[in-house]
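Peer 1: So that you have it, the file is upload_17.txt, and it contains compact mmCIF, N, CA and C atoms:
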# COMPACT_ATOMS: atom_id res chain seq x y z
N MET Y 1 -6.21 2.04 48.38
CA MET Y 1 -6.08 1.79 46.94
C MET Y 1 -4.69 1.22 46.67
N GLU Y 2 -4.62 0.21 45.82
CA GLU Y 2 -3.34 -0.46 45.59
C GLU Y 2 -2.36 0.34 44.74
N ASN Y 3 -2.83 1.41 44.09
CA ASN Y 3 -1.94 2.22 43.26
C ASN Y 3 -1.42 3.46 43.97
N THR Y 4 -1.76 3.61 45.26
CA THR Y 4 -1.30 4.77 46.01
C THR Y 4 -0.71 4.34 47.36
N SER Y 5 0.28 5.08 47.78
CA SER Y 5 0.85 4.91 49.11
C SER Y 5 0.96 6.31 49.72
N VAL Y 6 0.17 6.55 50.75
CA VAL Y 6 0.12 7.86 51.40
C VAL Y 6 0.47 7.65 52.86
N LEU Y 7 1.42 8.45 53.36
CA LEU Y 7 1.93 8.20 54.70
C LEU Y 7 2.45 9.49 55.33
N ILE Y 8 2.18 9.65 56.62
CA ILE Y 8 2.82 10.69 57.43
C ILE Y 8 3.40 9.96 58.63
N LYS Y 9 4.69 10.20 58.89
CA LYS Y 9 5.29 9.52 60.04
C LYS Y 9 6.40 10.35 60.64
N SER Y 10 6.69 10.06 61.90
CA SER Y 10 7.75 10.79 62.60
C SER Y 10 9.10 10.10 62.42
N GLU Y 11 9.10 8.86 61.94
CA GLU Y 11 10.35 8.18 61.65
C GLU Y 11 10.90 8.67 60.32
N LYS Y 12 12.17 8.41 60.10
CA LYS Y 12 12.84 8.84 58.86
C LYS Y 12 12.13 8.25 57.64
N LEU Y 13 11.91 9.09 56.63
CA LEU Y 13 11.29 8.62 55.39
C LEU Y 13 12.29 7.77 54.60
N ASN Y 14 11.76 6.83 53.81
CA ASN Y 14 12.59 5.87 53.11
C ASN Y 14 12.37 6.00 51.60
N LEU Y 15 13.35 6.58 50.91
CA LEU Y 15 13.26 6.77 49.47
C LEU Y 15 13.13 5.44 48.73
N GLN Y 16 13.89 4.44 49.16
CA GLN Y 16 13.84 3.13 48.49
C GLN Y 16 12.45 2.51 48.60
N GLU Y 17 11.81 2.67 49.74
CA GLU Y 17 10.45 2.16 49.94
C GLU Y 17 9.48 2.81 48.95
N CYS Y 18 9.60 4.12 48.76
CA CYS Y 18 8.72 4.84 47.82
C CYS Y 18 9.00 4.40 46.39
N TYR Y 19 10.28 4.27 46.06
CA TYR Y 19 10.67 3.82 44.72
C TYR Y 19 10.14 2.41 44.45
N ASN Y 20 10.35 1.52 45.42
CA ASN Y 20 9.90 0.13 45.26
C ASN Y 20 8.39 0.05 45.08
N PHE Y 21 7.65 0.91 45.79
CA PHE Y 21 6.19 0.88 45.69
C PHE Y 21 5.72 1.18 44.27
N VAL Y 22 6.32 2.20 43.63
CA VAL Y 22 5.84 2.60 42.30
C VAL Y 22 6.44 1.80 41.16
N SER Y 23 7.53 1.12 41.42
CA SER Y 23 8.19 0.34 40.37
C SER Y 23 7.22 -0.69 39.79
N ASP Y 24 7.17 -0.76 38.46
CA ASP Y 24 6.22 -1.66 37.80
C ASP Y 24 6.77 -2.01 36.41
N PRO Y 25 6.67 -3.27 36.01
CA PRO Y 25 7.24 -3.67 34.71
C PRO Y 25 6.60 -2.97 33.52
N SER Y 26 5.40 -2.42 33.68
CA SER Y 26 4.74 -1.73 32.57
C SER Y 26 5.18 -0.28 32.44
N CYS Y 27 6.01 0.17 33.36
CA CYS Y 27 6.37 1.59 33.39
C CYS Y 27 7.80 1.83 32.95
N GLY Y 28 7.96 2.78 32.03
CA GLY Y 28 9.28 3.14 31.55
C GLY Y 28 9.84 4.37 32.23
N GLY Y 29 9.05 4.99 33.12
CA GLY Y 29 9.53 6.18 33.79
C GLY Y 29 9.09 6.23 35.25
N ILE Y 30 10.00 6.62 36.11
CA ILE Y 30 9.69 6.90 37.50
C ILE Y 30 10.25 8.28 37.81
N ALA Y 31 9.36 9.19 38.21
CA ALA Y 31 9.78 10.53 38.61
C ALA Y 31 9.82 10.56 40.13
N VAL Y 32 10.83 11.23 40.65
CA VAL Y 32 11.04 11.30 42.10
C VAL Y 32 11.25 12.75 42.51
N PHE Y 33 10.51 13.17 43.53
CA PHE Y 33 10.79 14.46 44.17
C PHE Y 33 11.14 14.18 45.62
N VAL Y 34 12.31 14.67 46.03
CA VAL Y 34 12.74 14.55 47.42
C VAL Y 34 12.97 15.96 47.94
N GLY Y 35 12.15 16.36 48.89
CA GLY Y 35 12.34 17.66 49.54
C GLY Y 35 13.32 17.48 50.69
N THR Y 36 14.30 18.36 50.79
CA THR Y 36 15.28 18.28 51.87
C THR Y 36 15.30 19.59 52.65
N VAL Y 37 15.67 19.50 53.90
CA VAL Y 37 15.78 20.69 54.75
C VAL Y 37 17.06 21.42 54.37
N ARG Y 38 16.90 22.67 53.95
CA ARG Y 38 18.07 23.46 53.57
C ARG Y 38 18.53 24.31 54.76
N ASN Y 39 19.75 24.80 54.67
CA ASN Y 39 20.37 25.49 55.80
C ASN Y 39 20.13 27.00 55.81
N ALA Y 40 19.35 27.51 54.87
CA ALA Y 40 19.10 28.95 54.84
C ALA Y 40 17.79 29.25 54.13
N THR Y 41 17.16 30.34 54.53
CA THR Y 41 15.99 30.85 53.84
C THR Y 41 15.99 32.37 53.98
N GLN Y 42 15.76 33.04 52.88
CA GLN Y 42 15.73 34.51 52.86
C GLN Y 42 16.94 35.11 53.57
N ASN Y 43 18.11 34.61 53.22
CA ASN Y 43 19.39 35.09 53.77
C ASN Y 43 19.56 34.92 55.28
N LYS Y 44 18.79 34.00 55.86
CA LYS Y 44 18.95 33.69 57.28
C LYS Y 44 19.33 32.22 57.41
N SER Y 45 20.24 31.93 58.33
CA SER Y 45 20.65 30.55 58.58
C SER Y 45 19.56 29.79 59.32
N VAL Y 46 19.20 28.65 58.78
CA VAL Y 46 18.20 27.78 59.41
C VAL Y 46 18.96 26.70 60.18
N THR Y 47 18.51 26.42 61.41
CA THR Y 47 19.17 25.39 62.22
C THR Y 47 18.40 24.07 62.20
N GLN Y 48 17.06 24.15 62.09
CA GLN Y 48 16.22 22.95 62.02
C GLN Y 48 14.80 23.37 61.65
N LEU Y 49 13.97 22.38 61.31
CA LEU Y 49 12.56 22.61 61.01
C LEU Y 49 11.72 21.70 61.87
N ASP Y 50 10.50 22.15 62.16
CA ASP Y 50 9.55 21.32 62.90
C ASP Y 50 8.25 21.30 62.10
N PHE Y 51 7.83 20.10 61.69
CA PHE Y 51 6.60 19.95 60.93
C PHE Y 51 5.49 19.44 61.83
N SER Y 52 4.38 20.16 61.83
CA SER Y 52 3.19 19.76 62.57
C SER Y 52 2.09 19.46 61.57
N THR Y 53 1.27 18.47 61.88
CA THR Y 53 0.18 18.11 60.97
C THR Y 53 -1.11 17.95 61.75
N TYR Y 54 -2.19 18.15 61.04
CA TYR Y 54 -3.48 17.66 61.52
C TYR Y 54 -3.65 16.35 60.75
N LYS Y 55 -3.12 15.28 61.34
CA LYS Y 55 -2.88 14.03 60.61
C LYS Y 55 -4.12 13.45 59.90
N PRO Y 56 -5.28 13.34 60.56
CA PRO Y 56 -6.43 12.75 59.84
C PRO Y 56 -6.78 13.53 58.56
N MET Y 57 -6.79 14.84 58.67
CA MET Y 57 -7.13 15.66 57.50
C MET Y 57 -5.99 15.66 56.49
N ALA Y 58 -4.74 15.69 56.95
CA ALA Y 58 -3.60 15.69 56.05
C ALA Y 58 -3.56 14.40 55.22
N ILE Y 59 -3.77 13.27 55.86
CA ILE Y 59 -3.79 11.98 55.14
C ILE Y 59 -4.93 11.98 54.11
N LYS Y 60 -6.09 12.47 54.51
CA LYS Y 60 -7.24 12.52 53.61
C LYS Y 60 -6.93 13.40 52.39
N GLU Y 61 -6.32 14.56 52.62
CA GLU Y 61 -5.98 15.46 51.52
C GLU Y 61 -4.88 14.88 50.62
N MET Y 62 -3.89 14.23 51.23
CA MET Y 62 -2.83 13.61 50.44
C MET Y 62 -3.39 12.48 49.57
N GLN Y 63 -4.33 11.71 50.13
CA GLN Y 63 -4.97 10.64 49.36
C GLN Y 63 -5.77 11.23 48.20
N LYS Y 64 -6.43 12.35 48.45
CA LYS Y 64 -7.18 13.04 47.40
C LYS Y 64 -6.24 13.47 46.27
N ILE Y 65 -5.08 14.02 46.63
CA ILE Y 65 -4.09 14.42 45.61
C ILE Y 65 -3.65 13.20 44.79
N ALA Y 66 -3.37 12.10 45.47
CA ALA Y 66 -2.95 10.87 44.78
C ALA Y 66 -4.05 10.39 43.83
N ASN Y 67 -5.29 10.38 44.30
CA ASN Y 67 -6.40 9.92 43.46
C ASN Y 67 -6.60 10.82 42.25
N ILE Y 68 -6.52 12.14 42.46
CA ILE Y 68 -6.67 13.08 41.33
C ILE Y 68 -5.53 12.89 40.34
N ALA Y 69 -4.32 12.70 40.83
CA ALA Y 69 -3.17 12.47 39.93
C ALA Y 69 -3.41 11.23 39.07
N LEU Y 70 -3.93 10.17 39.67
CA LEU Y 70 -4.22 8.94 38.91
C LEU Y 70 -5.28 9.19 37.84
N ASP Y 71 -6.26 10.03 38.15
CA ASP Y 71 -7.33 10.34 37.19
C ASP Y 71 -6.87 11.31 36.09
N LYS Y 72 -6.03 12.26 36.49
CA LYS Y 72 -5.67 13.37 35.61
C LYS Y 72 -4.52 13.04 34.65
N PHE Y 73 -3.62 12.16 35.09
CA PHE Y 73 -2.42 11.84 34.30
C PHE Y 73 -2.38 10.33 34.03
N PRO Y 74 -1.83 9.91 32.87
CA PRO Y 74 -1.73 8.48 32.57
C PRO Y 74 -0.56 7.83 33.34
N ILE Y 75 -0.75 7.71 34.66
CA ILE Y 75 0.28 7.14 35.52
C ILE Y 75 -0.22 5.81 36.09
N LYS Y 76 0.71 5.01 36.58
CA LYS Y 76 0.38 3.69 37.14
C LYS Y 76 0.26 3.75 38.66
N LYS Y 77 1.26 4.34 39.34
CA LYS Y 77 1.28 4.38 40.80
C LYS Y 77 1.87 5.70 41.28
N ILE Y 78 1.50 6.04 42.53
CA ILE Y 78 2.05 7.25 43.15
C ILE Y 78 2.20 7.02 44.65
N ALA Y 79 3.32 7.49 45.18
CA ALA Y 79 3.56 7.47 46.62
C ALA Y 79 3.80 8.90 47.08
N ILE Y 80 3.13 9.29 48.16
CA ILE Y 80 3.31 10.61 48.77
C ILE Y 80 3.55 10.38 50.26
N HIS Y 81 4.79 10.60 50.69
CA HIS Y 81 5.15 10.39 52.10
C HIS Y 81 5.67 11.71 52.67
N HIS Y 82 5.23 12.04 53.88
CA HIS Y 82 5.66 13.28 54.53
C HIS Y 82 6.06 12.98 55.96
N ALA Y 83 7.07 13.69 56.42
CA ALA Y 83 7.54 13.54 57.80
C ALA Y 83 6.83 14.55 58.70
N GLU Y 84 6.78 14.22 59.98
CA GLU Y 84 6.32 15.17 60.98
C GLU Y 84 7.32 15.17 62.13
N GLY Y 85 7.37 16.29 62.83
CA GLY Y 85 8.30 16.41 63.94
C GLY Y 85 9.53 17.21 63.55
N LEU Y 86 10.53 17.12 64.39
CA LEU Y 86 11.75 17.92 64.25
C LEU Y 86 12.70 17.29 63.25
N LEU Y 87 13.15 18.09 62.27
CA LEU Y 87 14.07 17.62 61.24
C LEU Y 87 15.29 18.53 61.20
N GLN Y 88 16.44 17.92 60.95
CA GLN Y 88 17.71 18.64 60.89
C GLN Y 88 18.05 18.96 59.43
N ILE Y 89 19.07 19.79 59.24
CA ILE Y 89 19.54 20.15 57.90
C ILE Y 89 19.87 18.87 57.12
N GLU Y 90 19.41 18.82 55.89
CA GLU Y 90 19.55 17.71 54.95
C GLU Y 90 18.64 16.52 55.23
N ASP Y 91 17.83 16.57 56.30
CA ASP Y 91 16.82 15.54 56.50
C ASP Y 91 15.75 15.69 55.41
N ILE Y 92 14.92 14.67 55.24
CA ILE Y 92 13.92 14.63 54.17
C ILE Y 92 12.51 14.75 54.76
N PRO Y 93 11.83 15.88 54.50
CA PRO Y 93 10.45 16.00 54.97
C PRO Y 93 9.40 15.44 54.01
N VAL Y 94 9.73 15.33 52.72
CA VAL Y 94 8.73 14.84 51.77
C VAL Y 94 9.39 14.06 50.63
N ILE Y 95 8.72 12.97 50.26
CA ILE Y 95 9.12 12.17 49.09
C ILE Y 95 7.87 11.90 48.28
N ILE Y 96 7.97 12.14 46.98
CA ILE Y 96 6.89 11.78 46.05
C ILE Y 96 7.52 10.99 44.92
N THR Y 97 6.97 9.81 44.66
CA THR Y 97 7.42 9.01 43.52
C THR Y 97 6.20 8.68 42.67
N VAL Y 98 6.41 8.68 41.36
CA VAL Y 98 5.32 8.41 40.41
C VAL Y 98 5.87 7.55 39.28
N SER Y 99 5.11 6.53 38.91
CA SER Y 99 5.51 5.72 37.76
C SER Y 99 4.47 5.82 36.65
N SER Y 100 4.96 5.74 35.43
CA SER Y 100 4.07 5.77 34.26
C SER Y 100 4.79 5.10 33.10
N PRO Y 101 4.02 4.68 32.09
CA PRO Y 101 4.66 4.08 30.93
C PRO Y 101 5.63 5.05 30.25
N HIS Y 102 5.33 6.35 30.29
CA HIS Y 102 6.16 7.36 29.63
C HIS Y 102 6.52 8.47 30.61
N ARG Y 103 7.69 9.06 30.46
CA ARG Y 103 8.25 9.98 31.45
C ARG Y 103 7.45 11.25 31.67
N LYS Y 104 6.87 11.82 30.62
CA LYS Y 104 6.20 13.11 30.77
C LYS Y 104 5.08 13.05 31.80
N ALA Y 105 4.27 12.02 31.76
CA ALA Y 105 3.17 11.89 32.72
C ALA Y 105 3.70 11.77 34.15
N ALA Y 106 4.80 11.04 34.31
CA ALA Y 106 5.38 10.89 35.65
C ALA Y 106 5.87 12.23 36.17
N PHE Y 107 6.59 12.99 35.34
CA PHE Y 107 7.06 14.32 35.74
C PHE Y 107 5.88 15.24 36.08
N ASP Y 108 4.88 15.26 35.19
CA ASP Y 108 3.74 16.16 35.38
C ASP Y 108 2.97 15.82 36.65
N ALA Y 109 2.73 14.55 36.89
CA ALA Y 109 1.99 14.13 38.08
C ALA Y 109 2.78 14.42 39.35
N CYS Y 110 4.09 14.22 39.29
CA CYS Y 110 4.94 14.48 40.44
C CYS Y 110 4.90 15.97 40.79
N GLN Y 111 5.02 16.82 39.79
CA GLN Y 111 4.96 18.27 40.04
C GLN Y 111 3.58 18.67 40.56
N TYR Y 112 2.54 18.14 39.97
CA TYR Y 112 1.18 18.42 40.45
C TYR Y 112 1.05 18.04 41.93
N ALA Y 113 1.56 16.88 42.28
CA ALA Y 113 1.42 16.38 43.66
C ALA Y 113 2.14 17.28 44.66
N ILE Y 114 3.37 17.67 44.40
CA ILE Y 114 4.09 18.50 45.37
C ILE Y 114 3.49 19.91 45.42
N ASP Y 115 3.14 20.47 44.28
CA ASP Y 115 2.55 21.82 44.28
C ASP Y 115 1.22 21.83 45.03
N THR Y 116 0.38 20.84 44.80
CA THR Y 116 -0.92 20.78 45.45
C THR Y 116 -0.78 20.48 46.94
N LEU Y 117 0.14 19.60 47.30
CA LEU Y 117 0.39 19.30 48.71
C LEU Y 117 0.72 20.58 49.47
N LYS Y 118 1.61 21.38 48.92
CA LYS Y 118 2.03 22.61 49.60
C LYS Y 118 0.89 23.62 49.72
N GLU Y 119 -0.07 23.56 48.79
CA GLU Y 119 -1.20 24.49 48.81
C GLU Y 119 -2.35 24.04 49.70
N THR Y 120 -2.60 22.73 49.80
CA THR Y 120 -3.87 22.29 50.39
C THR Y 120 -3.77 21.41 51.63
N VAL Y 121 -2.63 20.80 51.87
CA VAL Y 121 -2.54 19.82 52.97
C VAL Y 121 -2.19 20.53 54.28
N PRO Y 122 -2.93 20.24 55.35
CA PRO Y 122 -2.68 20.90 56.64
C PRO Y 122 -1.41 20.38 57.34
N ILE Y 123 -0.29 20.82 56.79
CA ILE Y 123 1.03 20.56 57.37
C ILE Y 123 1.69 21.92 57.55
N TRP Y 124 2.13 22.19 58.77
CA TRP Y 124 2.72 23.48 59.07
C TRP Y 124 4.18 23.32 59.42
N LYS Y 125 4.96 24.29 59.01
CA LYS Y 125 6.41 24.23 59.18
C LYS Y 125 6.87 25.39 60.05
N LYS Y 126 7.65 25.05 61.08
CA LYS Y 126 8.29 26.08 61.89
C LYS Y 126 9.77 26.05 61.58
N GLU Y 127 10.31 27.21 61.17
CA GLU Y 127 11.74 27.33 60.89
C GLU Y 127 12.44 27.88 62.13
N TYR Y 128 13.53 27.25 62.48
CA TYR Y 128 14.34 27.69 63.62
C TYR Y 128 15.61 28.35 63.12
N PHE Y 129 15.89 29.52 63.66
CA PHE Y 129 17.10 30.27 63.33
C PHE Y 129 17.92 30.42 64.61
N GLU Y 130 19.11 30.92 64.49
CA GLU Y 130 19.94 31.13 65.67
C GLU Y 130 19.35 32.18 66.61
N ASP Y 131 18.51 33.07 66.05
CA ASP Y 131 17.94 34.14 66.87
C ASP Y 131 16.44 34.02 67.06
N GLY Y 132 15.87 32.82 66.88
CA GLY Y 132 14.44 32.65 67.10
C GLY Y 132 13.83 31.66 66.11
N GLU Y 133 12.50 31.67 66.05
CA GLU Y 133 11.82 30.77 65.12
C GLU Y 133 10.57 31.45 64.59
N VAL Y 134 10.05 30.90 63.48
CA VAL Y 134 8.85 31.47 62.85
C VAL Y 134 8.08 30.35 62.15
N TRP Y 135 6.74 30.41 62.25
CA TRP Y 135 5.88 29.51 61.49
C TRP Y 135 5.81 30.02 60.06
N VAL Y 136 5.95 29.15 59.10
CA VAL Y 136 5.84 29.55 57.69
C VAL Y 136 4.79 28.71 56.99
N ASN Y 137 4.35 29.19 55.86
CA ASN Y 137 3.31 28.57 55.04
C ASN Y 137 2.19 27.94 55.87
N ALA Y 138 1.68 28.72 56.82
CA ALA Y 138 0.60 28.25 57.69
C ALA Y 138 -0.72 28.28 56.92
N HIS Y 139 -0.94 27.26 56.16
CA HIS Y 139 -2.18 27.11 55.41
C HIS Y 139 -2.50 25.64 55.30
N PRO Y 140 -3.63 25.23 54.95
CA PRO Y 140 -4.74 26.07 54.50
C PRO Y 140 -5.44 26.73 55.67
Please go through the file and, once you have read it, give me the structure as structure tokens.
Peer 2:
Amino acid sequence: MENTSVLIKSEKLNLQECYNFVSDPSCGGIAVFVGTVRNATQNKSVTQLDFSTYKPMAIKEMQKIANIALDKFPIKKIAIHHAEGLLQIEDIPVIITVSSPHRKAAFDACQYAIDTLKETVPIWKKEYFEDGEVWVNAHP
């Protein structure tokens, strides 16, 4: 679909690419969510994250989220990009950009997309600490 860009890749995600995709002369608002790897969780130091995906299903689910966002909110375009593999502190595992004629729809669709992605897309995260590692949010 020309109004959606859905991608999972092991190479570094590109914020400018996502922004450029949704940019449109009819849109007065672009909402951007950039998820970054933080250095701590639950008072423990994080050293790195590893994202694993069931790629065919993850892409299908991400496309479904994009399509629903287009139907549910008055938006023009949406990009949902996710990284897989090993990421270091401050690396970017997810970027979502949304354009719409008015800002509220862009914000709402962007929040819907990230919240739904975390709930339904088969992407698993392993957190590494100095004293071991643990799989988190292992769903769906």
Peer 1: Residues within 6 Å of region 37-47 of chain Y, please, as a tab-separated table (two decimals) with N, CA and C atoms, in the frame of the given file. Count all atoms listed in the file; anything in the same chain fewer than 4 positions from it doesn't count.
Peer 2:
chain	number	residue	atom	x	y	z
Y	88	GLN	N	16.44	17.92	60.95
Y	88	GLN	CA	17.71	18.64	60.89
Y	88	GLN	C	18.05	18.96	59.43
Y	89	ILE	N	19.07	19.79	59.24
Y	89	ILE	CA	19.54	20.15	57.90
Y	89	ILE	C	19.87	18.87	57.12
Y	90	GLU	N	19.41	18.82	55.89
Y	90	GLU	CA	19.55	17.71	54.95
Y	90	GLU	C	18.64	16.52	55.23
Y	91	ASP	N	17.83	16.57	56.30
Y	91	ASP	CA	16.82	15.54	56.50
Y	91	ASP	C	15.75	15.69	55.41
Y	92	ILE	N	14.92	14.67	55.24
Y	92	ILE	CA	13.92	14.63	54.17
Y	92	ILE	C	12.51	14.75	54.76
Y	93	PRO	N	11.83	15.88	54.50
Y	93	PRO	CA	10.45	16.00	54.97
Y	93	PRO	C	9.40	15.44	54.01
Y	128	TYR	N	13.53	27.25	62.48
Y	128	TYR	CA	14.34	27.69	63.62
Y	128	TYR	C	15.61	28.35	63.12
Y	129	PHE	N	15.89	29.52	63.66
Y	129	PHE	CA	17.10	30.27	63.33
Y	129	PHE	C	17.92	30.42	64.61
Y	130	GLU	N	19.11	30.92	64.49
Y	130	GLU	CA	19.94	31.13	65.67
Y	130	GLU	C	19.35	32.18	66.61
Peer 1: Determine which residues of region 30-111 of chain Y DSSP labels as helix (DSSP H, G or I) from the backbone of this structure, then write them out as a list in words.
Peer 2: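 Answer for region 30-111 of chain Y restricted to helix (DSSP H, G or I) is Lys55, Pro56, Met57, Ala58, Ile59, Lys60, Glu61, Met62, Gln63, Lys64, Ile65, Ala66, Asn67, Ile68, Ala69, Leu70, Asp71, Lys72, Arg103, Lys104, Ala105, Ala106, Phe107, Asp108, Ala109, Cys110 and Gln111 of chain Y.
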Peer 1: Go through Y:Leu70, Y:Leu49, Y:Ile80, Y:Ala113 and flag the residue nearest Val6 (chain Y), using all atoms listed in the file for the distances.
Peer 2: Y:Ile80
Peer 1: Out of Y:Ala83, Y:Ile75, Y:Val136, Y:Ile59, which residue has the shortest atom-to-atom distance to Thr36 (chain Y) when counting only C-alpha atoms?
Peer 2: Y:Ala83
Peer 1: Using atom C of Thr4 (chain Y) and CA of Ile96 (chain Y) as the two end points, give the distance in Å to one decimal.
Peer 2: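 Taking atom C of Thr4 (chain Y) and CA of Ile96 (chain Y), their separation equals 10.7 Å.
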Peer 1: When DSSP is applied to the backbone of this structure, which of region 29-107 of chain Y are assigned strand (DSSP E)? Write them out as number ranges by chain.
Peer 2: Y: 29-35, 40-41, 44-53, 77-83, 85-88, 94-100
Peer 1: Record the distance separating atom N of Ile68 (chain Y) and atom C of Glu2 (chain Y), expressed in Å with one decimal.
Peer 2: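 About the pair atom N of Ile68 (chain Y) and atom C of Glu2 (chain Y): they are 12.7 Å apart.
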Peer 1: Which residue gives the smallest distance to Asn3 (chain Y) among Y:Phe73, Y:Leu15, Y:Gln63, Y:Ala79, with all atoms listed in the file counted?
Peer 2: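 Between Y:Phe73, Y:Leu15, Y:Gln63, Y:Ala79, the residue approaching Asn3 (chain Y) most closely is Y:Ala79.
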Peer 1: May I ask which of the residues Y:Glu127, Y:Phe33, Y:Gln48, Y:Cys27 is the closest one to Leu86 (chain Y), counting all atoms listed in the file?
Peer 2: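 Between Y:Glu127, Y:Phe33, Y:Gln48, Y:Cys27, the residue approaching Leu86 (chain Y) most closely is Y:Gln48.
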Peer 1: Determine, counting all atoms listed in the file, which protein, DNA and RNA residues have an atom within 8 Å of an atom of Val121 (chain Y); residues of the same chain fewer than 6 positions away are not included. Present the result as a list in words.
Peer 2: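 Residues meeting the cut-off are Thr53, Tyr54, Met57, Ala58, Ile59, Lys60, Glu61, Met62, Asp115, His139 and Pro140 of chain Y.
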Peer 1: When distances are computed from all atoms listed in the file, which of Y:Lys77, Y:Asp108, Y:Thr116, Y:Val134 shows the smallest separation from Asp24 (chain Y)?
Peer 2: Y:Lys77
Peer 1: Determine the nearest neighbour of Trp124 (chain Y) from the options Y:Gln111, Y:Val22, Y:Asp50, Y:Leu7, counting only N, CA and C atoms.
Peer 2: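 Using only N, CA and C atoms, Trp124 (chain Y) sits closest to Y:Asp50.
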Peer 1: Measure the distance from atom C of Ile8 (chain Y) to atom N of Glu133 (chain Y) in Å and round it to one decimal.
Peer 2: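 Between atom C of Ile8 (chain Y) and atom N of Glu133 (chain Y) the gap works out to 24.7 Å.
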Peer 1: Using only C-alpha atoms, which protein or nucleic acid residues come within 8 Å of Val32 (chain Y)? Drop anything in the same chain fewer than 4 positions from it, and give the result as a VMD selection string.
Peer 2: chain Y and resid 19 95 to 98 110
Peer 1: Padding 8 Å on each side, edges along x, y and z: where is the centre of the box around the listed atoms of region 41-57 of chain Y, and how long are its edges in Å to one decimal? Output it as lines of an AutoDock Vina configuration file.
Peer 2:
center_x = 6.8
center_y = 23.9
center_z = 57.9
size_x = 43.8
size_y = 38.4
size_z = 26.0
Peer 1: Considering all atoms listed in the file, return as a PyMOL selection string whatever protein or nucleic-acid residues lie within 6.5 Å of Ala109 (chain Y), sequence-local ones (same chain, fewer than 5 positions apart) excluded.
Peer 2: chain Y and resi 69+73+104+114
Peer 1: Export, as an mmCIF file, in the coordinates of the input, the selected residues with N, CA and C atoms.
Peer 2:
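Written output follows (out.cif):
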data_model
loop_
_atom_site.group_PDB
_atom_site.id
_atom_site.type_symbol
_atom_site.label_atom_id
_atom_site.label_comp_id
_atom_site.auth_asym_id
_atom_site.auth_seq_id
_atom_site.Cartn_x
_atom_site.Cartn_y
_atom_site.Cartn_z
ATOM 1 N N ALA Y 69 -4.320 12.700 40.830
ATOM 2 C CA ALA Y 69 -3.170 12.470 39.930
ATOM 3 C C ALA Y 69 -3.410 11.230 39.070
ATOM 4 N N PHE Y 73 -3.620 12.160 35.090
ATOM 5 C CA PHE Y 73 -2.420 11.840 34.300
ATOM 6 C C PHE Y 73 -2.380 10.330 34.030
ATOM 7 N N LYS Y 104 6.870 11.820 30.620
ATOM 8 C CA LYS Y 104 6.200 13.110 30.770
ATOM 9 C C LYS Y 104 5.080 13.050 31.800
ATOM 10 N N ILE Y 114 3.370 17.670 44.400
ATOM 11 C CA ILE Y 114 4.090 18.500 45.370
ATOM 12 C C ILE Y 114 3.490 19.910 45.420
#
